[in-house]
>>> print(open('start-v1.pdb').read())   # PDB, C-alpha atoms
MODEL        1
ATOM      1  CA  MET A   1      35.745   2.729  -4.853
ATOM      2  CA  GLU A   2      36.599  -0.921  -4.555
ATOM      3  CA  LEU A   3      34.283  -3.603  -5.843
ATOM      4  CA  GLU A   4      33.726  -5.172  -2.413
ATOM      5  CA  ALA A   5      32.700  -1.843  -0.917
ATOM      6  CA  ALA A   6      30.272  -1.228  -3.774
ATOM      7  CA  LYS A   7      28.779  -4.699  -3.225
ATOM      8  CA  MET A   8      28.227  -4.010   0.464
ATOM      9  CA  ILE A   9      26.591  -0.643  -0.222
ATOM     10  CA  GLY A  10      24.347  -2.138  -2.920
ATOM     11  CA  ALA A  11      23.289  -5.005  -0.660
ATOM     12  CA  GLY A  12      22.472  -2.558   2.127
ATOM     13  CA  ILE A  13      20.332  -0.476  -0.187
ATOM     14  CA  ALA A  14      18.546  -3.616  -1.430
ATOM     15  CA  CYS A  15      17.720  -4.545   2.182
ATOM     16  CA  VAL A  16      15.697  -1.342   2.556
ATOM     17  CA  ALA A  17      12.844  -3.403   1.081
ATOM     18  CA  LEU A  18      12.734  -5.288   4.391
ATOM     19  CA  VAL A  19      11.788  -2.078   6.177
ATOM     20  CA  GLY A  20       8.926  -1.555   3.746
ATOM     21  CA  ALA A  21       7.776  -5.127   4.238
ATOM     22  CA  GLY A  22       7.713  -4.669   8.007
ATOM     23  CA  ILE A  23       5.698  -1.486   7.711
ATOM     24  CA  GLY A  24       3.315  -3.124   5.242
ATOM     25  CA  ILE A  25       2.736  -6.179   7.425
ATOM     26  CA  GLY A  26       2.051  -3.982  10.438
ATOM     27  CA  ASN A  27      -0.392  -1.934   8.407
ATOM     28  CA  VAL A  28      -2.205  -5.030   7.121
ATOM     29  CA  PHE A  29      -2.647  -6.582  10.562
ATOM     30  CA  GLY A  30      -3.491  -3.257  12.201
ATOM     31  CA  SER A  31      -6.213  -2.552   9.666
ATOM     32  CA  TYR A  32      -7.620  -6.051  10.031
ATOM     33  CA  LEU A  33      -7.700  -5.754  13.803
ATOM     34  CA  SER A  34      -9.358  -2.351  13.613
ATOM     35  CA  GLY A  35     -12.021  -3.658  11.240
ATOM     36  CA  ALA A  36     -12.557  -6.831  13.270
ATOM     37  CA  LEU A  37     -13.122  -4.818  16.433
ATOM     38  CA  ARG A  38     -15.641  -2.561  14.706
ATOM     39  CA  ASN A  39     -17.570  -5.386  13.053
ATOM     40  CA  PRO A  40     -16.773  -8.810  14.541
ATOM     41  CA  GLY A  41     -19.293 -10.531  12.278
ATOM     42  CA  ALA A  42     -17.364  -9.597   9.137
ATOM     43  CA  ALA A  43     -13.954 -10.582  10.511
ATOM     44  CA  ALA A  44     -14.136 -14.167   9.282
ATOM     45  CA  SER A  45     -14.931 -13.112   5.721
ATOM     46  CA  GLN A  46     -11.913 -10.779   5.629
ATOM     47  CA  GLN A  47      -9.400 -13.385   6.758
ATOM     48  CA  THR A  48      -8.571 -14.334   3.152
ATOM     49  CA  ASN A  49      -7.725 -10.713   2.376
ATOM     50  CA  LEU A  50      -5.583 -10.593   5.512
ATOM     51  CA  LEU A  51      -3.512 -13.588   4.494
ATOM     52  CA  LEU A  52      -3.166 -12.375   0.906
ATOM     53  CA  GLY A  53      -1.963  -8.956   2.044
ATOM     54  CA  PHE A  54       0.502 -10.555   4.442
ATOM     55  CA  ALA A  55       1.873 -12.842   1.730
ATOM     56  CA  LEU A  56       2.335 -10.010  -0.748
ATOM     57  CA  CYS A  57       4.110  -7.798   1.800
ATOM     58  CA  GLU A  58       6.364 -10.651   2.879
ATOM     59  CA  ALA A  59       7.181 -11.535  -0.734
ATOM     60  CA  THR A  60       8.352  -7.972  -1.337
ATOM     61  CA  GLY A  61      10.766  -8.224   1.575
ATOM     62  CA  LEU A  62      12.020 -11.616   0.459
ATOM     63  CA  PHE A  63      12.647 -10.312  -3.057
ATOM     64  CA  GLY A  64      14.746  -7.497  -1.616
ATOM     65  CA  LEU A  65      16.703  -9.970   0.497
ATOM     66  CA  LEU A  66      17.207 -12.203  -2.540
ATOM     67  CA  ILE A  67      18.578  -9.290  -4.558
ATOM     68  CA  ALA A  68      20.952  -8.435  -1.711
ATOM     69  CA  MET A  69      22.238 -12.022  -1.639
ATOM     70  CA  ILE A  70      22.689 -12.039  -5.406
ATOM     71  CA  ILE A  71      24.668  -8.795  -5.191
ATOM     72  CA  LEU A  72      26.897 -10.147  -2.436
ATOM     73  CA  TYR A  73      27.517 -13.673  -3.648
ATOM     74  CA  GLY A  74      26.722 -13.561  -7.375
TER      75      GLY A  74
ENDMDL
END
>>> encode(input="start-v1.pdb", output="structure tokens")
Amino acid sequence: MELEAAKMIGAGIACVALVGAGIGIGNVFGSYLSGALRNPGAAASQQTNLLLGFALCEATGLFGLLIAMIILYG
């Protein structure tokens, strides 16, 4: 196998983390919405947890994208 082909395959595998980030973000917002609809009074107190969960999920996806870029161009 040539080096360029191996780089492309490795970068594609590293981008699988973006799928996990998308699923995680959807899960975080879906759970928040479900909880906010059940108990609207507690929704404001859970907003910090919502933003923290979103940031952690997004960071995971960005790390995967960063690794893919390092594989391709490093």
>>> closest_residue(input="start-v1.pdb", among="A:Ala55, A:Ala68, A:Tyr73, A:Gly61", to="Ala17 (chain A)", atoms="all atoms listed in the file")
A:Gly61
>>> atom_distance(input="start-v1.pdb", atom1="CA of Gly35 (chain A)", atom2="CA of Ala59 (chain A)")
24.0 Å
>>> resolve_selection(input="start-v1.pdb", expression="the PyMOL selection byres ((chain A and resi 14) around 10)", output="VMD selection string")
chain A and resid 8 to 13 15 to 18 61 63 to 69 71
>>> resolve_selection(input="start-v1.pdb", expression="the PyMOL selection byres ((chain A and resi 47) around 12)", output="compact mmCIF listing (two decimals) with C-alpha atoms, in the frame of the given file")
# COMPACT_ATOMS: atom_id res chain seq x y z
CA VAL A 28 -2.20 -5.03 7.12
CA PHE A 29 -2.65 -6.58 10.56
CA SER A 31 -6.21 -2.55 9.67
CA TYR A 32 -7.62 -6.05 10.03
CA LEU A 33 -7.70 -5.75 13.80
CA GLY A 35 -12.02 -3.66 11.24
CA ALA A 36 -12.56 -6.83 13.27
CA PRO A 40 -16.77 -8.81 14.54
CA GLY A 41 -19.29 -10.53 12.28
CA ALA A 42 -17.36 -9.60 9.14
CA ALA A 43 -13.95 -10.58 10.51
CA ALA A 44 -14.14 -14.17 9.28
CA SER A 45 -14.93 -13.11 5.72
CA GLN A 46 -11.91 -10.78 5.63
CA THR A 48 -8.57 -14.33 3.15
CA ASN A 49 -7.72 -10.71 2.38
CA LEU A 50 -5.58 -10.59 5.51
CA LEU A 51 -3.51 -13.59 4.49
CA LEU A 52 -3.17 -12.38 0.91
CA GLY A 53 -1.96 -8.96 2.04
CA PHE A 54 0.50 -10.56 4.44
>>> axis_aligned_box(input="start-v1.pdb", around="region 40-51 of chain A", padding_each_side="4 Å", output="JSON")
{"center_x": -11.4, "center_y": -11.6, "center_z": 8.5, "size_x": 23.8, "size_y": 13.5, "size_z": 20.2}
>>> atom_distance(input="start-v1.pdb", atom1="CA of Leu37 (chain A)", atom2="CA of Ile23 (chain A)")
21.0 Å
>>> atom_distance(input="start-v1.pdb", atom1="CA of Ala6 (chain A)", atom2="CA of Leu72 (chain A)")
9.6 Å
>>> closest_residue(input="start-v1.pdb", among="A:Glu58, A:Gly30, A:Lys7, A:Val19", to="Ile70 (chain A)", atoms="all atoms listed in the file")
A:Lys7
>>> build_atoms(input="start-v1.pdb", residues="region 3-38 of chain A", atoms="N, CA and C atoms", output="PDB file, keeping the file's coordinate frame")
ATOM      1  N   LEU A   3      35.445  -2.805  -5.485  1.00  0.00           N
ATOM      2  CA  LEU A   3      34.283  -3.603  -5.843  1.00  0.00           C
ATOM      3  C   LEU A   3      33.581  -4.168  -4.608  1.00  0.00           C
ATOM      4  N   GLU A   4      34.334  -4.606  -3.624  1.00  0.00           N
ATOM      5  CA  GLU A   4      33.726  -5.172  -2.413  1.00  0.00           C
ATOM      6  C   GLU A   4      32.924  -4.121  -1.651  1.00  0.00           C
ATOM      7  N   ALA A   5      33.436  -2.912  -1.600  1.00  0.00           N
ATOM      8  CA  ALA A   5      32.700  -1.843  -0.917  1.00  0.00           C
ATOM      9  C   ALA A   5      31.406  -1.517  -1.655  1.00  0.00           C
ATOM     10  N   ALA A   6      31.472  -1.500  -2.984  1.00  0.00           N
ATOM     11  CA  ALA A   6      30.272  -1.228  -3.774  1.00  0.00           C
ATOM     12  C   ALA A   6      29.240  -2.330  -3.593  1.00  0.00           C
ATOM     13  N   LYS A   7      29.706  -3.587  -3.462  1.00  0.00           N
ATOM     14  CA  LYS A   7      28.779  -4.699  -3.225  1.00  0.00           C
ATOM     15  C   LYS A   7      28.075  -4.543  -1.882  1.00  0.00           C
ATOM     16  N   MET A   8      28.824  -4.171  -0.867  1.00  0.00           N
ATOM     17  CA  MET A   8      28.227  -4.010   0.464  1.00  0.00           C
ATOM     18  C   MET A   8      27.205  -2.873   0.485  1.00  0.00           C
ATOM     19  N   ILE A   9      27.526  -1.772  -0.171  1.00  0.00           N
ATOM     20  CA  ILE A   9      26.591  -0.643  -0.222  1.00  0.00           C
ATOM     21  C   ILE A   9      25.331  -1.026  -0.997  1.00  0.00           C
ATOM     22  N   GLY A  10      25.496  -1.716  -2.123  1.00  0.00           N
ATOM     23  CA  GLY A  10      24.347  -2.138  -2.920  1.00  0.00           C
ATOM     24  C   GLY A  10      23.461  -3.116  -2.176  1.00  0.00           C
ATOM     25  N   ALA A  11      24.079  -4.043  -1.435  1.00  0.00           N
ATOM     26  CA  ALA A  11      23.289  -5.005  -0.660  1.00  0.00           C
ATOM     27  C   ALA A  11      22.537  -4.302   0.467  1.00  0.00           C
ATOM     28  N   GLY A  12      23.151  -3.319   1.080  1.00  0.00           N
ATOM     29  CA  GLY A  12      22.472  -2.558   2.127  1.00  0.00           C
ATOM     30  C   GLY A  12      21.286  -1.785   1.590  1.00  0.00           C
ATOM     31  N   ILE A  13      21.442  -1.209   0.429  1.00  0.00           N
ATOM     32  CA  ILE A  13      20.332  -0.476  -0.187  1.00  0.00           C
ATOM     33  C   ILE A  13      19.210  -1.433  -0.576  1.00  0.00           C
ATOM     34  N   ALA A  14      19.576  -2.634  -1.056  1.00  0.00           N
ATOM     35  CA  ALA A  14      18.546  -3.616  -1.430  1.00  0.00           C
ATOM     36  C   ALA A  14      17.772  -4.098  -0.206  1.00  0.00           C
ATOM     37  N   CYS A  15      18.395  -4.086   0.964  1.00  0.00           N
ATOM     38  CA  CYS A  15      17.720  -4.545   2.182  1.00  0.00           C
ATOM     39  C   CYS A  15      16.746  -3.517   2.737  1.00  0.00           C
ATOM     40  N   VAL A  16      16.681  -2.343   2.143  1.00  0.00           N
ATOM     41  CA  VAL A  16      15.697  -1.342   2.556  1.00  0.00           C
ATOM     42  C   VAL A  16      14.283  -1.872   2.301  1.00  0.00           C
ATOM     43  N   ALA A  17      14.158  -2.796   1.353  1.00  0.00           N
ATOM     44  CA  ALA A  17      12.844  -3.403   1.081  1.00  0.00           C
ATOM     45  C   ALA A  17      12.307  -4.133   2.305  1.00  0.00           C
ATOM     46  N   LEU A  18      13.187  -4.608   3.180  1.00  0.00           N
ATOM     47  CA  LEU A  18      12.734  -5.288   4.391  1.00  0.00           C
ATOM     48  C   LEU A  18      12.023  -4.325   5.340  1.00  0.00           C
ATOM     49  N   VAL A  19      12.462  -3.088   5.352  1.00  0.00           N
ATOM     50  CA  VAL A  19      11.788  -2.078   6.177  1.00  0.00           C
ATOM     51  C   VAL A  19      10.372  -1.844   5.651  1.00  0.00           C
ATOM     52  N   GLY A  20      10.246  -1.735   4.345  1.00  0.00           N
ATOM     53  CA  GLY A  20       8.926  -1.555   3.746  1.00  0.00           C
ATOM     54  C   GLY A  20       8.012  -2.735   3.990  1.00  0.00           C
ATOM     55  N   ALA A  21       8.588  -3.935   3.967  1.00  0.00           N
ATOM     56  CA  ALA A  21       7.776  -5.127   4.238  1.00  0.00           C
ATOM     57  C   ALA A  21       7.285  -5.129   5.678  1.00  0.00           C
ATOM     58  N   GLY A  22       8.125  -4.732   6.607  1.00  0.00           N
ATOM     59  CA  GLY A  22       7.713  -4.669   8.007  1.00  0.00           C
ATOM     60  C   GLY A  22       6.610  -3.653   8.235  1.00  0.00           C
ATOM     61  N   ILE A  23       6.737  -2.509   7.596  1.00  0.00           N
ATOM     62  CA  ILE A  23       5.698  -1.486   7.711  1.00  0.00           C
ATOM     63  C   ILE A  23       4.397  -1.972   7.079  1.00  0.00           C
ATOM     64  N   GLY A  24       4.504  -2.622   5.923  1.00  0.00           N
ATOM     65  CA  GLY A  24       3.315  -3.124   5.242  1.00  0.00           C
ATOM     66  C   GLY A  24       2.591  -4.200   6.036  1.00  0.00           C
ATOM     67  N   ILE A  25       3.356  -5.112   6.631  1.00  0.00           N
ATOM     68  CA  ILE A  25       2.736  -6.179   7.425  1.00  0.00           C
ATOM     69  C   ILE A  25       2.043  -5.598   8.653  1.00  0.00           C
ATOM     70  N   GLY A  26       2.686  -4.637   9.292  1.00  0.00           N
ATOM     71  CA  GLY A  26       2.051  -3.982  10.438  1.00  0.00           C
ATOM     72  C   GLY A  26       0.777  -3.263  10.046  1.00  0.00           C
ATOM     73  N   ASN A  27       0.795  -2.639   8.894  1.00  0.00           N
ATOM     74  CA  ASN A  27      -0.392  -1.934   8.407  1.00  0.00           C
ATOM     75  C   ASN A  27      -1.519  -2.909   8.093  1.00  0.00           C
ATOM     76  N   VAL A  28      -1.190  -4.033   7.465  1.00  0.00           N
ATOM     77  CA  VAL A  28      -2.205  -5.030   7.121  1.00  0.00           C
ATOM     78  C   VAL A  28      -2.865  -5.577   8.378  1.00  0.00           C
ATOM     79  N   PHE A  29      -2.069  -5.999   9.354  1.00  0.00           N
ATOM     80  CA  PHE A  29      -2.647  -6.582  10.562  1.00  0.00           C
ATOM     81  C   PHE A  29      -3.356  -5.533  11.424  1.00  0.00           C
ATOM     82  N   GLY A  30      -2.828  -4.319  11.446  1.00  0.00           N
ATOM     83  CA  GLY A  30      -3.491  -3.257  12.201  1.00  0.00           C
ATOM     84  C   GLY A  30      -4.855  -2.909  11.622  1.00  0.00           C
ATOM     85  N   SER A  31      -4.931  -2.855  10.309  1.00  0.00           N
ATOM     86  CA  SER A  31      -6.213  -2.552   9.666  1.00  0.00           C
ATOM     87  C   SER A  31      -7.213  -3.681   9.867  1.00  0.00           C
ATOM     88  N   TYR A  32      -6.720  -4.912   9.800  1.00  0.00           N
ATOM     89  CA  TYR A  32      -7.620  -6.051  10.031  1.00  0.00           C
ATOM     90  C   TYR A  32      -8.158  -6.033  11.464  1.00  0.00           C
ATOM     91  N   LEU A  33      -7.275  -5.780  12.401  1.00  0.00           N
ATOM     92  CA  LEU A  33      -7.700  -5.754  13.803  1.00  0.00           C
ATOM     93  C   LEU A  33      -8.697  -4.628  14.048  1.00  0.00           C
ATOM     94  N   SER A  34      -8.433  -3.477  13.456  1.00  0.00           N
ATOM     95  CA  SER A  34      -9.358  -2.351  13.613  1.00  0.00           C
ATOM     96  C   SER A  34     -10.734  -2.683  13.032  1.00  0.00           C
ATOM     97  N   GLY A  35     -10.750  -3.292  11.855  1.00  0.00           N
ATOM     98  CA  GLY A  35     -12.021  -3.658  11.240  1.00  0.00           C
ATOM     99  C   GLY A  35     -12.732  -4.767  11.992  1.00  0.00           C
ATOM    100  N   ALA A  36     -11.954  -5.722  12.534  1.00  0.00           N
ATOM    101  CA  ALA A  36     -12.557  -6.831  13.270  1.00  0.00           C
ATOM    102  C   ALA A  36     -13.166  -6.343  14.583  1.00  0.00           C
ATOM    103  N   LEU A  37     -12.564  -5.343  15.189  1.00  0.00           N
ATOM    104  CA  LEU A  37     -13.122  -4.818  16.433  1.00  0.00           C
ATOM    105  C   LEU A  37     -14.375  -3.986  16.185  1.00  0.00           C
ATOM    106  N   ARG A  38     -14.448  -3.345  15.023  1.00  0.00           N
ATOM    107  CA  ARG A  38     -15.641  -2.561  14.706  1.00  0.00           C
ATOM    108  C   ARG A  38     -16.810  -3.443  14.307  1.00  0.00           C
TER     109      ARG A  38
END
